[in-house]
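Dumped upload00.cif below, it's mmCIF, C-alpha atoms; chains and numbers go by the auth columns:
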data_entry
loop_
_atom_site.group_PDB
_atom_site.id
_atom_site.type_symbol
_atom_site.label_atom_id
_atom_site.label_comp_id
_atom_site.label_asym_id
_atom_site.label_seq_id
_atom_site.Cartn_x
_atom_site.Cartn_y
_atom_site.Cartn_z
_atom_site.B_iso_or_equiv
_atom_site.auth_seq_id
_atom_site.auth_asym_id
ATOM 1 C CA ASP A 1 112.021 98.219 -140.800 0.00 1 A
ATOM 2 C CA GLN A 2 111.881 94.897 -138.986 0.00 2 A
ATOM 3 C CA GLN A 3 108.418 93.550 -139.733 0.00 3 A
ATOM 4 C CA VAL A 4 109.001 90.283 -137.903 0.00 4 A
ATOM 5 C CA LYS A 5 110.760 90.406 -134.569 0.00 5 A
ATOM 6 C CA GLN A 6 112.125 87.804 -132.244 0.00 6 A
ATOM 7 C CA ASN A 7 113.183 89.791 -129.244 0.00 7 A
ATOM 8 C CA SER A 8 114.949 86.998 -127.409 0.00 8 A
ATOM 9 C CA PRO A 9 118.262 86.196 -129.079 0.00 9 A
ATOM 10 C CA SER A 10 118.716 83.152 -126.864 0.00 10 A
ATOM 11 C CA LEU A 11 116.808 80.818 -124.579 0.00 11 A
ATOM 12 C CA SER A 12 118.021 78.057 -122.301 0.00 12 A
ATOM 13 C CA VAL A 13 115.655 75.305 -121.136 0.00 13 A
ATOM 14 C CA GLN A 14 116.108 72.143 -119.162 0.00 14 A
ATOM 15 C CA GLU A 15 115.519 68.863 -120.921 0.00 15 A
ATOM 16 C CA GLY A 16 111.964 67.632 -120.489 0.00 16 A
ATOM 17 C CA ARG A 17 110.561 71.096 -119.806 0.00 17 A
ATOM 18 C CA ILE A 18 108.584 73.299 -122.160 0.00 18 A
ATOM 19 C CA SER A 19 110.365 75.675 -124.540 0.00 19 A
ATOM 20 C CA ILE A 20 108.432 78.753 -125.577 0.00 20 A
ATOM 21 C CA LEU A 21 109.749 80.849 -128.431 0.00 21 A
ATOM 22 C CA ASN A 22 108.071 84.144 -129.184 0.00 22 A
ATOM 23 C CA CYS A 23 107.635 86.209 -132.297 0.00 23 A
ATOM 24 C CA ASP A 24 105.928 89.542 -132.983 0.00 24 A
ATOM 25 C CA TYR A 25 105.003 91.106 -136.272 0.00 25 A
ATOM 26 C CA THR A 26 103.901 94.538 -137.354 0.00 26 A
ATOM 27 C CA ASN A 27 102.362 94.009 -140.785 0.00 27 A
ATOM 28 C CA SER A 28 98.674 93.189 -140.412 0.00 28 A
ATOM 29 C CA MET A 29 98.632 91.937 -144.004 0.00 29 A
ATOM 30 C CA PHE A 30 100.610 88.829 -143.073 0.00 30 A
ATOM 31 C CA ASP A 31 98.265 85.851 -143.244 0.00 31 A
ATOM 32 C CA TYR A 32 100.538 82.840 -142.964 0.00 32 A
ATOM 33 C CA PHE A 33 103.259 82.138 -140.458 0.00 33 A
ATOM 34 C CA LEU A 34 105.981 79.515 -140.335 0.00 34 A
ATOM 35 C CA TRP A 35 108.619 78.316 -137.913 0.00 35 A
ATOM 36 C CA TYR A 36 111.989 77.023 -139.043 0.00 36 A
ATOM 37 C CA LYS A 37 114.827 75.318 -137.233 0.00 37 A
ATOM 38 C CA LYS A 38 118.379 75.966 -138.349 0.00 38 A
ATOM 39 C CA TYR A 39 121.727 74.437 -137.518 0.00 39 A
ATOM 40 C CA PRO A 40 124.986 76.255 -138.311 0.00 40 A
ATOM 41 C CA ALA A 41 126.071 76.074 -141.949 0.00 41 A
ATOM 42 C CA GLU A 42 122.801 74.430 -142.974 0.00 42 A
ATOM 43 C CA GLY A 43 119.608 75.669 -144.541 0.00 43 A
ATOM 44 C CA PRO A 44 116.505 76.147 -142.387 0.00 44 A
ATOM 45 C CA THR A 45 114.217 73.171 -141.901 0.00 45 A
ATOM 46 C CA PHE A 46 110.483 73.706 -141.877 0.00 46 A
ATOM 47 C CA LEU A 47 108.815 72.822 -138.568 0.00 47 A
ATOM 48 C CA ILE A 48 105.252 73.991 -138.449 0.00 48 A
ATOM 49 C CA SER A 49 103.003 76.664 -139.858 0.00 49 A
ATOM 50 C CA ILE A 50 99.719 78.363 -139.136 0.00 50 A
ATOM 51 C CA SER A 51 97.224 80.267 -141.188 0.00 51 A
ATOM 52 C CA SER A 52 95.804 83.507 -139.876 0.00 52 A
ATOM 53 C CA ILE A 53 92.334 81.963 -139.785 0.00 53 A
ATOM 54 C CA LYS A 54 93.472 79.665 -136.982 0.00 54 A
ATOM 55 C CA ASP A 55 94.808 80.361 -133.524 0.00 55 A
ATOM 56 C CA LYS A 56 96.521 77.055 -132.875 0.00 56 A
ATOM 57 C CA ASN A 57 98.217 74.310 -134.816 0.00 57 A
ATOM 58 C CA GLU A 58 99.756 71.229 -133.284 0.00 58 A
ATOM 59 C CA ASP A 59 102.171 68.656 -134.691 0.00 59 A
ATOM 60 C CA GLY A 60 103.627 66.199 -132.240 0.00 60 A
ATOM 61 C CA ARG A 61 105.773 68.029 -129.699 0.00 61 A
ATOM 62 C CA PHE A 62 105.383 71.326 -131.551 0.00 62 A
ATOM 63 C CA THR A 63 102.467 73.704 -131.156 0.00 63 A
ATOM 64 C CA VAL A 64 102.176 77.143 -132.656 0.00 64 A
ATOM 65 C CA PHE A 65 99.800 79.722 -131.205 0.00 65 A
ATOM 66 C CA LEU A 66 98.688 82.834 -133.032 0.00 66 A
ATOM 67 C CA ASN A 67 97.210 85.918 -131.390 0.00 67 A
ATOM 68 C CA LYS A 68 96.172 88.154 -134.245 0.00 68 A
ATOM 69 C CA SER A 69 94.974 91.027 -132.113 0.00 69 A
ATOM 70 C CA ALA A 70 98.365 91.200 -130.430 0.00 70 A
ATOM 71 C CA LYS A 71 100.237 90.371 -133.645 0.00 71 A
ATOM 72 C CA HIS A 72 102.062 87.711 -131.729 0.00 72 A
ATOM 73 C CA LEU A 73 102.847 84.079 -132.267 0.00 73 A
ATOM 74 C CA SER A 74 104.673 81.534 -130.219 0.00 74 A
ATOM 75 C CA LEU A 75 106.149 78.094 -130.689 0.00 75 A
ATOM 76 C CA HIS A 76 105.853 75.617 -127.846 0.00 76 A
ATOM 77 C CA ILE A 77 108.063 72.557 -127.725 0.00 77 A
ATOM 78 C CA VAL A 78 107.189 69.993 -125.114 0.00 78 A
ATOM 79 C CA PRO A 79 108.946 68.026 -123.860 0.00 79 A
ATOM 80 C CA SER A 80 112.186 69.680 -124.926 0.00 80 A
ATOM 81 C CA GLN A 81 114.961 67.368 -126.043 0.00 81 A
ATOM 82 C CA PRO A 82 118.712 67.960 -126.499 0.00 82 A
ATOM 83 C CA GLY A 83 118.280 67.568 -130.253 0.00 83 A
ATOM 84 C CA ASP A 84 116.037 70.619 -130.234 0.00 84 A
ATOM 85 C CA SER A 85 119.055 72.831 -129.597 0.00 85 A
ATOM 86 C CA ALA A 86 119.292 75.076 -132.668 0.00 86 A
ATOM 87 C CA VAL A 87 118.358 78.519 -133.906 0.00 87 A
ATOM 88 C CA TYR A 88 114.635 78.976 -134.490 0.00 88 A
ATOM 89 C CA PHE A 89 113.308 81.481 -136.977 0.00 89 A
ATOM 90 C CA CYS A 90 109.761 82.595 -137.324 0.00 90 A
ATOM 91 C CA ALA A 91 108.683 83.813 -140.735 0.00 91 A
ATOM 92 C CA ALA A 92 105.612 85.462 -142.161 0.00 92 A
ATOM 93 C CA LEU A 93 104.178 86.003 -145.570 0.00 93 A
ATOM 94 C CA ILE A 94 101.255 87.416 -147.450 0.00 94 A
ATOM 95 C CA GLN A 95 99.787 84.536 -149.399 0.00 95 A
ATOM 96 C CA GLY A 96 100.046 85.253 -153.077 0.00 96 A
ATOM 97 C CA ALA A 97 103.045 87.510 -152.568 0.00 97 A
ATOM 98 C CA GLN A 98 105.192 84.465 -151.696 0.00 98 A
ATOM 99 C CA LYS A 99 107.956 86.477 -150.046 0.00 99 A
ATOM 100 C CA LEU A 100 108.933 85.159 -146.644 0.00 100 A
ATOM 101 C CA VAL A 101 109.990 87.719 -144.059 0.00 101 A
ATOM 102 C CA PHE A 102 112.130 86.294 -141.274 0.00 102 A
ATOM 103 C CA GLY A 103 112.679 87.270 -137.688 0.00 103 A
ATOM 104 C CA GLN A 104 116.180 87.542 -136.298 0.00 104 A
ATOM 105 C CA GLY A 105 116.125 84.070 -134.779 0.00 105 A
ATOM 106 C CA THR A 106 116.333 82.699 -131.255 0.00 106 A
ATOM 107 C CA ARG A 107 119.068 80.311 -130.239 0.00 107 A
ATOM 108 C CA LEU A 108 117.529 77.559 -128.121 0.00 108 A
ATOM 109 C CA THR A 109 119.766 75.494 -125.891 0.00 109 A
ATOM 110 C CA ILE A 110 118.379 72.426 -124.153 0.00 110 A
ATOM 111 C CA ASN A 111 120.368 71.476 -121.105 0.00 111 A
ATOM 112 C CA PRO A 112 120.479 67.832 -119.997 0.00 112 A
ATOM 113 C CA GLY B 1 109.265 65.010 -149.424 0.00 1 B
ATOM 114 C CA ALA B 2 110.265 68.099 -151.351 0.00 2 B
ATOM 115 C CA VAL B 3 114.012 68.577 -151.623 0.00 3 B
ATOM 116 C CA VAL B 4 116.013 71.577 -152.714 0.00 4 B
ATOM 117 C CA SER B 5 119.619 70.833 -153.527 0.00 5 B
ATOM 118 C CA GLN B 6 122.209 73.588 -153.392 0.00 6 B
ATOM 119 C CA HIS B 7 125.758 73.357 -154.692 0.00 7 B
ATOM 120 C CA PRO B 8 128.496 73.962 -153.731 0.00 8 B
ATOM 121 C CA SER B 9 128.166 73.852 -149.961 0.00 9 B
ATOM 122 C CA TRP B 10 131.225 75.996 -149.578 0.00 10 B
ATOM 123 C CA VAL B 11 133.584 77.875 -151.845 0.00 11 B
ATOM 124 C CA ILE B 12 136.685 79.997 -151.403 0.00 12 B
ATOM 125 C CA CYS B 13 137.571 82.354 -154.203 0.00 13 B
ATOM 126 C CA LYS B 14 139.989 85.142 -154.899 0.00 14 B
ATOM 127 C CA SER B 15 138.869 88.736 -154.888 0.00 15 B
ATOM 128 C CA GLY B 16 137.787 89.821 -158.357 0.00 16 B
ATOM 129 C CA THR B 17 136.665 86.412 -159.550 0.00 17 B
ATOM 130 C CA SER B 18 133.106 85.201 -160.077 0.00 18 B
ATOM 131 C CA VAL B 19 131.352 82.350 -158.317 0.00 19 B
ATOM 132 C CA LYS B 20 128.262 80.463 -159.422 0.00 20 B
ATOM 133 C CA ILE B 21 125.889 78.810 -156.965 0.00 21 B
ATOM 134 C CA GLU B 22 123.284 76.320 -158.173 0.00 22 B
ATOM 135 C CA CYS B 23 119.889 75.610 -156.667 0.00 23 B
ATOM 136 C CA ARG B 24 117.834 72.660 -157.874 0.00 24 B
ATOM 137 C CA SER B 25 114.394 71.423 -156.954 0.00 25 B
ATOM 138 C CA LEU B 26 114.790 67.657 -157.069 0.00 26 B
ATOM 139 C CA ASP B 27 111.255 66.302 -157.037 0.00 27 B
ATOM 140 C CA PHE B 28 109.068 69.230 -157.916 0.00 28 B
ATOM 141 C CA GLN B 29 108.948 72.060 -160.373 0.00 29 B
ATOM 142 C CA ALA B 30 109.555 75.563 -159.160 0.00 30 B
ATOM 143 C CA THR B 31 108.581 78.501 -161.321 0.00 31 B
ATOM 144 C CA THR B 32 109.843 80.711 -158.536 0.00 32 B
ATOM 145 C CA MET B 33 112.895 80.339 -156.337 0.00 33 B
ATOM 146 C CA PHE B 34 114.250 82.667 -153.705 0.00 34 B
ATOM 147 C CA TRP B 35 117.795 83.652 -152.816 0.00 35 B
ATOM 148 C CA TYR B 36 118.704 84.676 -149.299 0.00 36 B
ATOM 149 C CA ARG B 37 121.823 85.879 -147.613 0.00 37 B
ATOM 150 C CA GLN B 38 122.649 85.425 -143.971 0.00 38 B
ATOM 151 C CA PHE B 39 125.327 87.303 -142.101 0.00 39 B
ATOM 152 C CA PRO B 40 126.695 85.748 -138.904 0.00 40 B
ATOM 153 C CA LYS B 41 124.137 85.703 -136.107 0.00 41 B
ATOM 154 C CA GLN B 42 121.632 87.613 -138.191 0.00 42 B
ATOM 155 C CA SER B 43 118.388 86.883 -139.950 0.00 43 B
ATOM 156 C CA LEU B 44 117.941 85.594 -143.461 0.00 44 B
ATOM 157 C CA MET B 45 117.602 88.517 -145.825 0.00 45 B
ATOM 158 C CA LEU B 46 115.814 88.007 -149.094 0.00 46 B
ATOM 159 C CA MET B 47 118.040 89.130 -151.954 0.00 47 B
ATOM 160 C CA ALA B 48 115.946 88.318 -154.986 0.00 48 B
ATOM 161 C CA THR B 49 113.127 86.270 -156.408 0.00 49 B
ATOM 162 C CA SER B 50 114.110 84.110 -159.349 0.00 50 B
ATOM 163 C CA ASN B 51 111.414 83.651 -161.992 0.00 51 B
ATOM 164 C CA GLU B 52 111.606 80.862 -164.550 0.00 52 B
ATOM 165 C CA GLY B 53 111.857 82.270 -168.038 0.00 53 B
ATOM 166 C CA SER B 54 111.920 85.901 -166.995 0.00 54 B
ATOM 167 C CA LYS B 55 114.011 88.414 -165.122 0.00 55 B
ATOM 168 C CA ALA B 56 114.627 88.098 -161.437 0.00 56 B
ATOM 169 C CA THR B 57 113.098 90.567 -159.025 0.00 57 B
ATOM 170 C CA TYR B 58 115.670 92.111 -156.720 0.00 58 B
ATOM 171 C CA GLU B 59 115.077 93.515 -153.274 0.00 59 B
ATOM 172 C CA GLN B 60 115.958 97.089 -152.536 0.00 60 B
ATOM 173 C CA GLY B 61 119.658 97.619 -152.070 0.00 61 B
ATOM 174 C CA VAL B 62 120.731 94.444 -153.881 0.00 62 B
ATOM 175 C CA GLU B 63 122.941 95.101 -156.894 0.00 63 B
ATOM 176 C CA LYS B 64 121.578 93.352 -159.970 0.00 64 B
ATOM 177 C CA ASP B 65 124.878 93.466 -161.797 0.00 65 B
ATOM 178 C CA LYS B 66 126.775 91.956 -158.903 0.00 66 B
ATOM 179 C CA PHE B 67 124.335 89.157 -158.132 0.00 67 B
ATOM 180 C CA LEU B 68 123.277 87.670 -161.450 0.00 68 B
ATOM 181 C CA ILE B 69 120.359 85.289 -161.309 0.00 69 B
ATOM 182 C CA ASN B 70 119.352 82.881 -164.034 0.00 70 B
ATOM 183 C CA HIS B 71 116.318 80.602 -163.853 0.00 71 B
ATOM 184 C CA ALA B 72 116.542 78.736 -167.131 0.00 72 B
ATOM 185 C CA SER B 73 114.393 75.737 -166.231 0.00 73 B
ATOM 186 C CA LEU B 74 111.645 74.748 -163.821 0.00 74 B
ATOM 187 C CA THR B 75 114.148 72.957 -161.589 0.00 75 B
ATOM 188 C CA LEU B 76 117.268 75.106 -161.684 0.00 76 B
ATOM 189 C CA SER B 77 118.168 78.600 -160.591 0.00 77 B
ATOM 190 C CA THR B 78 121.704 79.942 -160.404 0.00 78 B
ATOM 191 C CA LEU B 79 123.191 82.855 -158.526 0.00 79 B
ATOM 192 C CA THR B 80 126.485 84.249 -159.798 0.00 80 B
ATOM 193 C CA VAL B 81 128.423 86.583 -157.559 0.00 81 B
ATOM 194 C CA THR B 82 130.442 88.638 -160.010 0.00 82 B
ATOM 195 C CA SER B 83 133.759 90.302 -159.240 0.00 83 B
ATOM 196 C CA ALA B 84 133.557 89.054 -155.695 0.00 84 B
ATOM 197 C CA HIS B 85 135.031 91.076 -152.853 0.00 85 B
ATOM 198 C CA PRO B 86 135.639 90.136 -149.219 0.00 86 B
ATOM 199 C CA GLU B 87 132.454 91.935 -148.164 0.00 87 B
ATOM 200 C CA ASP B 88 130.499 89.460 -150.307 0.00 88 B
ATOM 201 C CA SER B 89 131.620 86.680 -147.987 0.00 89 B
ATOM 202 C CA SER B 90 128.446 85.290 -146.490 0.00 90 B
ATOM 203 C CA PHE B 91 126.111 82.331 -146.305 0.00 91 B
ATOM 204 C CA TYR B 92 123.816 82.153 -149.312 0.00 92 B
ATOM 205 C CA ILE B 93 120.657 80.042 -149.235 0.00 93 B
ATOM 206 C CA CYS B 94 118.036 79.312 -151.865 0.00 94 B
ATOM 207 C CA SER B 95 114.492 78.156 -151.357 0.00 95 B
ATOM 208 C CA ALA B 96 111.391 77.152 -153.243 0.00 96 B
ATOM 209 C CA ASN B 97 107.814 76.383 -152.350 0.00 97 B
ATOM 210 C CA PRO B 98 106.585 72.962 -153.452 0.00 98 B
ATOM 211 C CA GLY B 99 103.123 73.749 -152.176 0.00 99 B
ATOM 212 C CA LEU B 100 102.235 75.746 -149.125 0.00 100 B
ATOM 213 C CA ASN B 101 101.453 72.818 -146.864 0.00 101 B
ATOM 214 C CA TYR B 102 105.089 71.792 -147.086 0.00 102 B
ATOM 215 C CA GLY B 103 106.326 75.165 -146.067 0.00 103 B
ATOM 216 C CA TYR B 104 109.067 76.716 -148.104 0.00 104 B
ATOM 217 C CA THR B 105 111.911 74.271 -148.586 0.00 105 B
ATOM 218 C CA PHE B 106 115.466 75.514 -148.303 0.00 106 B
ATOM 219 C CA GLY B 107 118.720 74.332 -149.762 0.00 107 B
ATOM 220 C CA SER B 108 121.587 73.483 -147.469 0.00 108 B
ATOM 221 C CA GLY B 109 123.284 76.807 -148.150 0.00 109 B
ATOM 222 C CA THR B 110 126.616 77.892 -149.592 0.00 110 B
ATOM 223 C CA ARG B 111 129.339 79.414 -147.494 0.00 111 B
ATOM 224 C CA LEU B 112 131.230 81.870 -149.697 0.00 112 B
ATOM 225 C CA THR B 113 134.588 83.162 -148.548 0.00 113 B
ATOM 226 C CA VAL B 114 136.342 85.735 -150.680 0.00 114 B
ATOM 227 C CA VAL B 115 140.033 86.179 -149.963 0.00 115 B
#
Show me, as structure tokens, the structure contained in the file I just sent.
Amino acid sequence: DQQVKQNSPSLSVQEGRISILNCDYTNSMFDYFLWYKKYPAEGPTFLISISSIKDKNEDGRFTVFLNKSAKHLSLHIVPSQPGDSAVYFCAALIQGAQKLVFGQGTRLTINP
Amino acid sequence: GAVVSQHPSWVICKSGTSVKIECRSLDFQATTMFWYRQFPKQSLMLMATSNEGSKATYEQGVEKDKFLINHASLTLSTLTVTSAHPEDSSFYICSANPGLNYGYTFGSGTRLTVV
């Protein structure tokens, strides 16, 4: 039962353009969402998060949008840079339960 | 910032032996730590929740006797893979939450190869 889904295993974007990574979830009890960036053989690095009481959170080049009615969130990276090439995981949790549930990840490749 | 240190970063062991992986929170106390496993090109799967001073909580399908977890202090949790077999070869990652605004912080992971 995949409660958090990232349906695009890979995405290729030209440098300078916008990267949009999508994530869907099925459990309506999730109330906090996080995005992580991961390089091979390393642990995930926290990027940005959003609470379910908000629909947008912005931090520099990264913006996360949350559409609760559609149970959908997205991560926008603009402008995309070569160093952004990595695997991106979205994760969700029920605050208080502490357990993060991860999507399958999307491999983002930024082409120069 | 909050740092979680994981050691070793990689280990090769013979089938039938045991391997211990350490996870330390360097600048914060963690009453709870989490152990994940990642297969190639797959998601991170939560194996167990490590609770300081009490028993770990294992996810469904994870063998308690194979993956021994000890959380003896507020800054250290260990995962021991007992009687390792080649199918236990994987990437193991620990994490802790220093406070929700930080997001959960992950260790650098341990690549276990059982030969």
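The closest residue to chain A, picked from B:Pro8, B:Asn97, B:Gly61, B:Phe67 and counting only C-alpha atoms, is B:Asn97.
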Problem set entry | Point (109.3, 74.7, -158.6), cut-off 9 Å, counting only C-alpha atoms, residues as a ChimeraX atom specification | /B:24-25,27-33,52,74-76,96-99
For this session: Excluding Met47 in chain B and residues on its chain fewer than 5 positions from it, collect all residues at most 9 Å away from it, counting only C-alpha atoms, and give them as a list in words.
Result: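 What passes the distance filter is Phe34, Trp35, Tyr36, Arg37, Thr57, Tyr58, Glu59, Gln60, Gly61, Val62 and Phe67 of chain B.
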Please dump the current selection as a PDB file, in the coordinates of the input; keep C-alpha atoms.
ATOM      1  CA  PHE B  34     114.250  82.667-153.705  1.00  0.00           C
ATOM      2  CA  TRP B  35     117.795  83.652-152.816  1.00  0.00           C
ATOM      3  CA  TYR B  36     118.704  84.676-149.299  1.00  0.00           C
ATOM      4  CA  ARG B  37     121.823  85.879-147.613  1.00  0.00           C
ATOM      5  CA  THR B  57     113.098  90.567-159.025  1.00  0.00           C
ATOM      6  CA  TYR B  58     115.670  92.111-156.720  1.00  0.00           C
ATOM      7  CA  GLU B  59     115.077  93.515-153.274  1.00  0.00           C
ATOM      8  CA  GLN B  60     115.958  97.089-152.536  1.00  0.00           C
ATOM      9  CA  GLY B  61     119.658  97.619-152.070  1.00  0.00           C
ATOM     10  CA  VAL B  62     120.731  94.444-153.881  1.00  0.00           C
ATOM     11  CA  PHE B  67     124.335  89.157-158.132  1.00  0.00           C
TER      12      PHE B  67
END
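Comparing the minimum interatomic distances between Glu63 in chain B and each of B:Ala48, B:Val114, B:Cys23, B:Cys13, counting only C-alpha atoms, we find that B:Ala48 sits nearest.
Across the chains present, the PyMOL selection byres ((chain B) within 7 of (chain A)) applied to this file returns Gln42, Ser43, Leu44, Ile93, Gly103, Thr105, Phe106, Gly107, Ser108 and Gly109 of chain B.
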Problem set entry | Within 12 Å of range 13-21 of chain A using only C-alpha atoms, minus same-chain residues under 4 positions, as an MDAnalysis selection string | chainID A and resid 5:9 35:37 61:65 72:90 103 105:112
For this session: Between CA of Gly16 in chain B and CA of Thr82 in chain B, measure the distance and give it in Å to one decimal.
Result: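 CA of Thr82 in chain B lies at a distance of 7.6 Å from CA of Gly16 in chain B.
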For this session: Provide the CA of His71 in chain B to CA of Ser54 in chain B distance in Å, to one decimal place.
Result: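 If I compute the distance from CA of His71 in chain B to CA of Ser54 in chain B, I get 7.6 Å.
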Problem set entry | Distance criterion (only C-alpha atoms): nearest to Ser28 in chain A out of A:Asp59, A:Ser10, A:Ile53, A:Gln3 |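 Closest candidate: A:Gln3.
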Problem set entry | Shortest interatomic distance to Asn22 in chain A - which of A:Ala97, A:Asn57, A:Ser51, A:Lys71, counting all atoms listed in the file | A:Lys71
Exercise. For the atom pair CA of Lys64 in chain B and CA of Tyr25 in chain A, what is the interatomic distance in Å to one decimal place?
Worked result: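 Rounded to one decimal, the two atoms are 29.0 Å apart.
Using all atoms listed in the file, the shortest contact distance between Ser5 in chain B and any of B:Asn51, B:Ser89, B:Asn70, B:Ser95 is found at B:Ser95.
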Problem set entry | Hits of the PyMOL selection byres ((chain B and resi 115) around 6) in this structure, as a PyMOL selection string | chain B and resi 14-15+86+114
For this session: Determine the nearest neighbour of Leu93 in chain A from the options A:Gly60, A:Met29, A:Gln2, A:Leu66, counting all atoms listed in the file.
Result: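 Closest candidate: A:Met29.
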Go ahead and fit an axis-aligned box to every listed atom of range 95-110 of chain A plus 6 Å each side, and pass me the centre and edge lengths in Å, one decimal, as AutoDock Vina command-line options.
--center_x 109.8 --center_y 80.1 --center_z -138.6 --size_x 32.0 --size_y 27.3 --size_z 40.9
Problem set entry | Local residues around (130.1, 86.3, -146.2), at most 10 Å away, using only C-alpha atoms, as a PyMOL selection string | chain B and resi 37-40+85-92+110-114
